[in-house]
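Below: one structure, written as structure tokens.
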Protein chains: 2
Amino acid sequence: MDKLFYEDFAVGQEIQLGPIPVSAEEIIEFAAEFDPQPMHLSEEAGKASLLGGLAASGWHTSALMMRMMIDAYVLKSHGEGAPGIEFVEWKKPVMAGDTLSGRTTVEEMRPLRSRPGIGVITTRHTLMNQNGDIVLNARNAAMVRMRQLPGAAQ
Amino acid sequence: MDKLFYEDFAVGQEIQLGPIPVSAEEIIEFAAEFDPQPMHLSEEAGKASLLGGLAASGWHTSALMMRMMIDAYVLKSHGEGAPGIEFVEWKKPVMAGDTLSGRTTVEEMRPLRSRPGIGVITTRHTLMNQNGDIVLNARNAAMVRMRQLPGAAQ
């Protein structure tokens with residue numbers, strides 16, 4: 001299959017993400033390396049915290065969002081990377097045993113003035129757990145190659 | 001040592017982060033799980049990309065920032081979690097073999113009206129590589145327990 005170019009996306013387009021399961025083992029493994037706060041390391045400490053049980057680091061949930069974006073469209077596109085994240089909201093804890101899914105919505109598209117042949121696609125991302133509760137909202141921009149230079153002959 | 005409360009922080013305070021080394025093995029391991037784009041998986045693909053070599057996923061750099069925050073002050077404080085990230089800018093690629101360090105600056109502090117006894121501390125984070133180049137800027141807010149309720153008797 002040919003990879004997608006900037007021109008293959010459209011404002012308003014929705015792309016499904018996931019599903020992806022989140023195990024206790026993965027939560028603990030990620031937290032031990034990057035975010036070893038007690039509520040991310042054991043069920044007991046999670047129960048004693050405001051989160052009510054073993055819960056994923058917000059950075060782990062964010063990385064799982066990236067994994068779902070990768071599988072849904074990033075590796076199928078002529079992507080040229082991203083300059084960062086506009087925002088991430090961790091709305092509800094992601095608990096051991098949850099299954100996440102979600103959607104990416106294309107919100108804005110514009111040519112990158114400083115680099116002809118590259119377009120910027122701004123996307124909003126929403127992740128839900130298996131009960132339909134929103135656990136994460138985010139927005140970011142990514143650079144995607146154009147099929148042809150603006151103004152080039154057909 | 002007693003853990004730090006909200007009252008132990010001050011606007012303008014700077015906290016040193018790191019240093020932390022970033023190996024090729026760690027870059028590939030993180031990317032294989034969460035962000036398997038070619039430039040994060042091999043030196044060859046990295047050299048063929050705009051990044052110029054094997055480079056860490058921006059999400060990996062962000063998780064390493066969390067790790068440095070954990071070691072510098074989060075586990076030493078009465079933290080009550082964070083609602084998200086205001087923004088993250090990936091300014092330059094983090095390459096295999098780089099060593100990151102940085103600083104967290106306290107920018108704003110306010111009591112959380114909806115939960116007496118909790119304060120919100122907003123911090124800016126800057127990470128540099130071993131050459132002093134800024135690789136990441138970010139800002140976020142976290143909730144920290146107060147030593148005593150506002151207005152409580154001394």
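In the structure tokens, chains take letters A, B, ... by order of appearance, with residues numbered from 1 within each chain and ligands from 1 in the order shown.
Proximity to chain B at a cut-off of 8 Å picks out Glu33, Phe34, Asp35, Pro36, Gln37, Leu50, Gly58, Trp59, Ser62, Ala63, Leu64, Met66, Arg67, Ile70, Leu75, Glu80, Ala82, Pro83, Gly84, Ile85, Glu86, Phe87, Val88, Glu89, Trp90 and Lys91 of chain A on chain A, counting only C-alpha atoms.
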Output N, CA, C and O atoms of each residue in that selection to a file, as an mmCIF file, in the first residue's frame.
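For reference, part_33.cif as written:
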data_model
loop_
_atom_site.group_PDB
_atom_site.id
_atom_site.type_symbol
_atom_site.label_atom_id
_atom_site.label_comp_id
_atom_site.auth_asym_id
_atom_site.auth_seq_id
_atom_site.Cartn_x
_atom_site.Cartn_y
_atom_site.Cartn_z
ATOM 1 N N GLU A 33 10.688 2.395 35.876
ATOM 2 C CA GLU A 33 11.749 3.053 35.118
ATOM 3 C C GLU A 33 11.600 4.583 35.119
ATOM 4 O O GLU A 33 12.588 5.290 35.234
ATOM 5 N N PHE A 34 10.372 5.081 34.981
ATOM 6 C CA PHE A 34 10.212 6.510 34.704
ATOM 7 C C PHE A 34 9.426 7.293 35.754
ATOM 8 O O PHE A 34 9.564 8.517 35.837
ATOM 9 N N ASP A 35 8.564 6.651 36.515
ATOM 10 C CA ASP A 35 7.663 7.395 37.403
ATOM 11 C C ASP A 35 7.310 6.566 38.639
ATOM 12 O O ASP A 35 6.155 6.228 38.877
ATOM 13 N N PRO A 36 8.359 6.244 39.458
ATOM 14 C CA PRO A 36 8.151 5.320 40.580
ATOM 15 C C PRO A 36 7.459 5.945 41.773
ATOM 16 O O PRO A 36 8.010 5.984 42.874
ATOM 17 N N GLN A 37 6.234 6.440 41.571
ATOM 18 C CA GLN A 37 5.412 6.886 42.684
ATOM 19 C C GLN A 37 4.600 5.670 43.164
ATOM 20 O O GLN A 37 4.213 4.824 42.364
ATOM 21 N N LEU A 50 -5.506 8.523 46.277
ATOM 22 C CA LEU A 50 -6.738 9.066 45.698
ATOM 23 C C LEU A 50 -7.183 8.282 44.468
ATOM 24 O O LEU A 50 -8.345 8.353 44.072
ATOM 25 N N GLY A 58 0.586 8.889 34.134
ATOM 26 C CA GLY A 58 0.044 9.649 33.004
ATOM 27 C C GLY A 58 0.970 9.617 31.797
ATOM 28 O O GLY A 58 0.521 9.651 30.646
ATOM 29 N N TRP A 59 2.267 9.528 32.039
ATOM 30 C CA TRP A 59 3.233 9.447 30.935
ATOM 31 C C TRP A 59 3.133 8.107 30.229
ATOM 32 O O TRP A 59 3.411 8.006 29.027
ATOM 33 N N SER A 62 0.118 8.345 28.058
ATOM 34 C CA SER A 62 0.473 9.163 26.898
ATOM 35 C C SER A 62 1.279 8.350 25.878
ATOM 36 O O SER A 62 1.070 8.463 24.662
ATOM 37 N N ALA A 63 2.200 7.528 26.369
ATOM 38 C CA ALA A 63 3.000 6.689 25.466
ATOM 39 C C ALA A 63 2.117 5.643 24.778
ATOM 40 O O ALA A 63 2.330 5.302 23.606
ATOM 41 N N LEU A 64 1.110 5.140 25.501
ATOM 42 C CA LEU A 64 0.173 4.187 24.881
ATOM 43 C C LEU A 64 -0.658 4.873 23.795
ATOM 44 O O LEU A 64 -0.988 4.263 22.770
ATOM 45 N N MET A 66 0.511 7.265 21.912
ATOM 46 C CA MET A 66 1.429 7.299 20.762
ATOM 47 C C MET A 66 1.439 5.945 20.057
ATOM 48 O O MET A 66 1.407 5.879 18.829
ATOM 49 N N ARG A 67 1.472 4.856 20.828
ATOM 50 C CA ARG A 67 1.488 3.512 20.222
ATOM 51 C C ARG A 67 0.228 3.287 19.369
ATOM 52 O O ARG A 67 0.293 2.735 18.265
ATOM 53 N N ILE A 70 0.568 5.319 16.211
ATOM 54 C CA ILE A 70 1.519 4.621 15.318
ATOM 55 C C ILE A 70 0.796 3.551 14.518
ATOM 56 O O ILE A 70 0.921 3.475 13.289
ATOM 57 N N LEU A 75 2.627 5.191 11.000
ATOM 58 C CA LEU A 75 3.545 4.403 10.160
ATOM 59 C C LEU A 75 3.005 4.226 8.740
ATOM 60 O O LEU A 75 3.733 3.808 7.852
ATOM 61 N N GLU A 80 6.990 13.451 9.167
ATOM 62 C CA GLU A 80 8.328 14.054 9.322
ATOM 63 C C GLU A 80 8.522 14.538 10.753
ATOM 64 O O GLU A 80 9.277 15.474 11.000
ATOM 65 N N ALA A 82 7.243 15.596 14.867
ATOM 66 C CA ALA A 82 6.358 16.543 15.548
ATOM 67 C C ALA A 82 7.200 17.435 16.442
ATOM 68 O O ALA A 82 8.191 16.986 17.020
ATOM 69 N N PRO A 83 6.817 18.718 16.577
ATOM 70 C CA PRO A 83 7.605 19.635 17.399
ATOM 71 C C PRO A 83 7.257 19.596 18.882
ATOM 72 O O PRO A 83 7.893 20.288 19.666
ATOM 73 N N GLY A 84 6.245 18.807 19.252
ATOM 74 C CA GLY A 84 5.895 18.747 20.668
ATOM 75 C C GLY A 84 4.432 18.391 20.863
ATOM 76 O O GLY A 84 3.802 17.795 19.986
ATOM 77 N N ILE A 85 3.906 18.765 22.036
ATOM 78 C CA ILE A 85 2.537 18.469 22.430
ATOM 79 C C ILE A 85 1.902 19.782 22.861
ATOM 80 O O ILE A 85 2.472 20.502 23.686
ATOM 81 N N GLU A 86 0.720 20.095 22.336
ATOM 82 C CA GLU A 86 0.072 21.356 22.752
ATOM 83 C C GLU A 86 -0.443 21.256 24.176
ATOM 84 O O GLU A 86 -0.327 22.195 24.952
ATOM 85 N N PHE A 87 -1.085 20.123 24.494
ATOM 86 C CA PHE A 87 -1.485 19.854 25.889
ATOM 87 C C PHE A 87 -1.865 18.390 26.027
ATOM 88 O O PHE A 87 -2.208 17.739 25.031
ATOM 89 N N VAL A 88 -1.796 17.905 27.261
ATOM 90 C CA VAL A 88 -2.337 16.589 27.600
ATOM 91 C C VAL A 88 -3.112 16.751 28.890
ATOM 92 O O VAL A 88 -2.611 17.360 29.845
ATOM 93 N N GLU A 89 -4.353 16.253 28.925
ATOM 94 C CA GLU A 89 -5.158 16.236 30.161
ATOM 95 C C GLU A 89 -5.362 14.781 30.578
ATOM 96 O O GLU A 89 -5.849 13.985 29.787
ATOM 97 N N TRP A 90 -4.984 14.468 31.808
ATOM 98 C CA TRP A 90 -5.248 13.139 32.350
ATOM 99 C C TRP A 90 -6.541 13.256 33.162
ATOM 100 O O TRP A 90 -6.545 13.719 34.317
ATOM 101 N N LYS A 91 -7.663 12.852 32.553
ATOM 102 C CA LYS A 91 -8.982 13.144 33.115
ATOM 103 C C LYS A 91 -9.392 12.156 34.199
ATOM 104 O O LYS A 91 -10.094 12.503 35.141
#
Requested in this report: Excluding Ser42 (chain A) and any residue of its chain fewer than 3 positions from it, enumerate the residues within 9 Å of it, using only C-alpha atoms, and give them as an MDAnalysis selection string.
Outcome: chainID A and resid 24 28 38:39 45:47 53:55
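Near region 12-14 of chain B, within a cut-off of 7 Å and counting only C-alpha atoms, sit the residues Arg103, Thr104, Thr105, Val106 and Glu107 of chain B, with same-chain residues fewer than 5 positions away left out.
One finds CA of Gly132 (chain A) at 25.2 Å from CA of Ala48 (chain A).
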**Report entry** In chain B, DSSP alpha helix (DSSP H) residues written as a list of chain:residue names
**Finding:**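 The alpha helix (DSSP H) subset of chain B is B:Ala24, B:Glu25, B:Glu26, B:Ile27, B:Ile28, B:Glu29, B:Phe30, B:Ala31, B:Ala32, B:Glu33, B:Phe34, B:Glu43, B:Glu44, B:Ala45, B:Gly46, B:Lys47, B:Ala48, B:Gly58, B:Trp59, B:His60, B:Thr61, B:Ser62, B:Ala63, B:Leu64, B:Met65, B:Met66, B:Arg67, B:Met68, B:Met69.
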Report task. Work out how far apart CA of Pro111 (chain A) and CA of Ala142 (chain A) are and give it in Å to one decimal. Result ->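 Computed distance, CA of Pro111 (chain A) to CA of Ala142 (chain A), equals 11.5 Å.
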Report task. Could you give me the residues within chain B that DSSP places in strand (DSSP E or B), as an MDAnalysis selection string? Result -> chainID B and resid 4 14:21 55 77 79 84:85 87:90 95 99:111 118:128 134:145
Write the selection just made, keeping C-alpha atoms, as a PDB file, in the first residue's frame?
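Full text of out.pdb as output:
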ATOM      1  CA  LEU B   4       8.241  18.712  51.630  1.00  0.00           C
ATOM      2  CA  GLU B  14      15.037  26.498  40.839  1.00  0.00           C
ATOM      3  CA  ILE B  15      15.616  22.747  41.217  1.00  0.00           C
ATOM      4  CA  GLN B  16      18.404  20.960  39.340  1.00  0.00           C
ATOM      5  CA  LEU B  17      17.493  17.874  37.270  1.00  0.00           C
ATOM      6  CA  GLY B  18      19.789  15.028  36.244  1.00  0.00           C
ATOM      7  CA  PRO B  19      22.256  14.290  34.840  1.00  0.00           C
ATOM      8  CA  ILE B  20      20.948  11.138  33.177  1.00  0.00           C
ATOM      9  CA  PRO B  21      22.626   9.300  30.264  1.00  0.00           C
ATOM     10  CA  ALA B  55      17.323   9.703  18.193  1.00  0.00           C
ATOM     11  CA  SER B  77       7.305  15.888  48.467  1.00  0.00           C
ATOM     12  CA  GLY B  79       2.560  15.201  45.977  1.00  0.00           C
ATOM     13  CA  GLY B  84      -1.808  16.835  32.809  1.00  0.00           C
ATOM     14  CA  ILE B  85       0.803  18.754  30.849  1.00  0.00           C
ATOM     15  CA  PHE B  87       2.800  21.896  26.817  1.00  0.00           C
ATOM     16  CA  VAL B  88       5.949  20.065  25.761  1.00  0.00           C
ATOM     17  CA  GLU B  89       8.332  21.390  23.087  1.00  0.00           C
ATOM     18  CA  TRP B  90      10.874  18.990  21.583  1.00  0.00           C
ATOM     19  CA  MET B  95      20.777  11.356  20.262  1.00  0.00           C
ATOM     20  CA  THR B  99      23.564  13.039  28.676  1.00  0.00           C
ATOM     21  CA  LEU B 100      20.590  15.151  29.766  1.00  0.00           C
ATOM     22  CA  SER B 101      20.343  17.559  32.654  1.00  0.00           C
ATOM     23  CA  GLY B 102      18.104  20.511  33.374  1.00  0.00           C
ATOM     24  CA  ARG B 103      16.127  22.553  35.812  1.00  0.00           C
ATOM     25  CA  THR B 104      12.613  22.968  37.136  1.00  0.00           C
ATOM     26  CA  THR B 105      11.509  26.513  38.010  1.00  0.00           C
ATOM     27  CA  VAL B 106       8.508  27.222  40.241  1.00  0.00           C
ATOM     28  CA  GLU B 107       6.416  29.760  38.298  1.00  0.00           C
ATOM     29  CA  GLU B 108       3.068  29.958  40.132  1.00  0.00           C
ATOM     30  CA  MET B 109       1.548  28.778  43.416  1.00  0.00           C
ATOM     31  CA  ARG B 110      -2.064  28.925  44.556  1.00  0.00           C
ATOM     32  CA  PRO B 111      -4.382  27.104  46.976  1.00  0.00           C
ATOM     33  CA  ILE B 118      -4.099  21.152  48.714  1.00  0.00           C
ATOM     34  CA  GLY B 119      -2.034  23.663  46.727  1.00  0.00           C
ATOM     35  CA  VAL B 120      -1.278  23.821  43.021  1.00  0.00           C
ATOM     36  CA  ILE B 121       2.346  24.405  42.012  1.00  0.00           C
ATOM     37  CA  THR B 122       2.987  25.278  38.368  1.00  0.00           C
ATOM     38  CA  THR B 123       6.491  24.542  37.170  1.00  0.00           C
ATOM     39  CA  ARG B 124       8.502  25.111  33.994  1.00  0.00           C
ATOM     40  CA  HIS B 125      11.034  22.464  32.970  1.00  0.00           C
ATOM     41  CA  THR B 126      14.053  22.854  30.672  1.00  0.00           C
ATOM     42  CA  LEU B 127      16.314  19.977  29.598  1.00  0.00           C
ATOM     43  CA  MET B 128      19.739  20.399  27.972  1.00  0.00           C
ATOM     44  CA  ILE B 134      18.057  23.020  24.985  1.00  0.00           C
ATOM     45  CA  VAL B 135      16.304  19.809  23.878  1.00  0.00           C
ATOM     46  CA  LEU B 136      12.972  20.178  25.727  1.00  0.00           C
ATOM     47  CA  ASN B 137      10.785  22.856  27.299  1.00  0.00           C
ATOM     48  CA  ALA B 138       7.628  22.000  29.232  1.00  0.00           C
ATOM     49  CA  ARG B 139       5.226  23.398  31.795  1.00  0.00           C
ATOM     50  CA  ASN B 140       2.773  21.663  34.086  1.00  0.00           C
ATOM     51  CA  ALA B 141       0.883  21.955  37.338  1.00  0.00           C
ATOM     52  CA  ALA B 142       0.910  19.493  40.231  1.00  0.00           C
ATOM     53  CA  MET B 143      -1.055  19.209  43.450  1.00  0.00           C
ATOM     54  CA  VAL B 144       0.886  19.224  46.723  1.00  0.00           C
ATOM     55  CA  ARG B 145      -0.451  18.817  50.244  1.00  0.00           C
TER      56      ARG B 145
END
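Computed from the coordinates, the CA of Leu149 (chain B) to CA of Asp8 (chain B) distance equals 14.3 Å.
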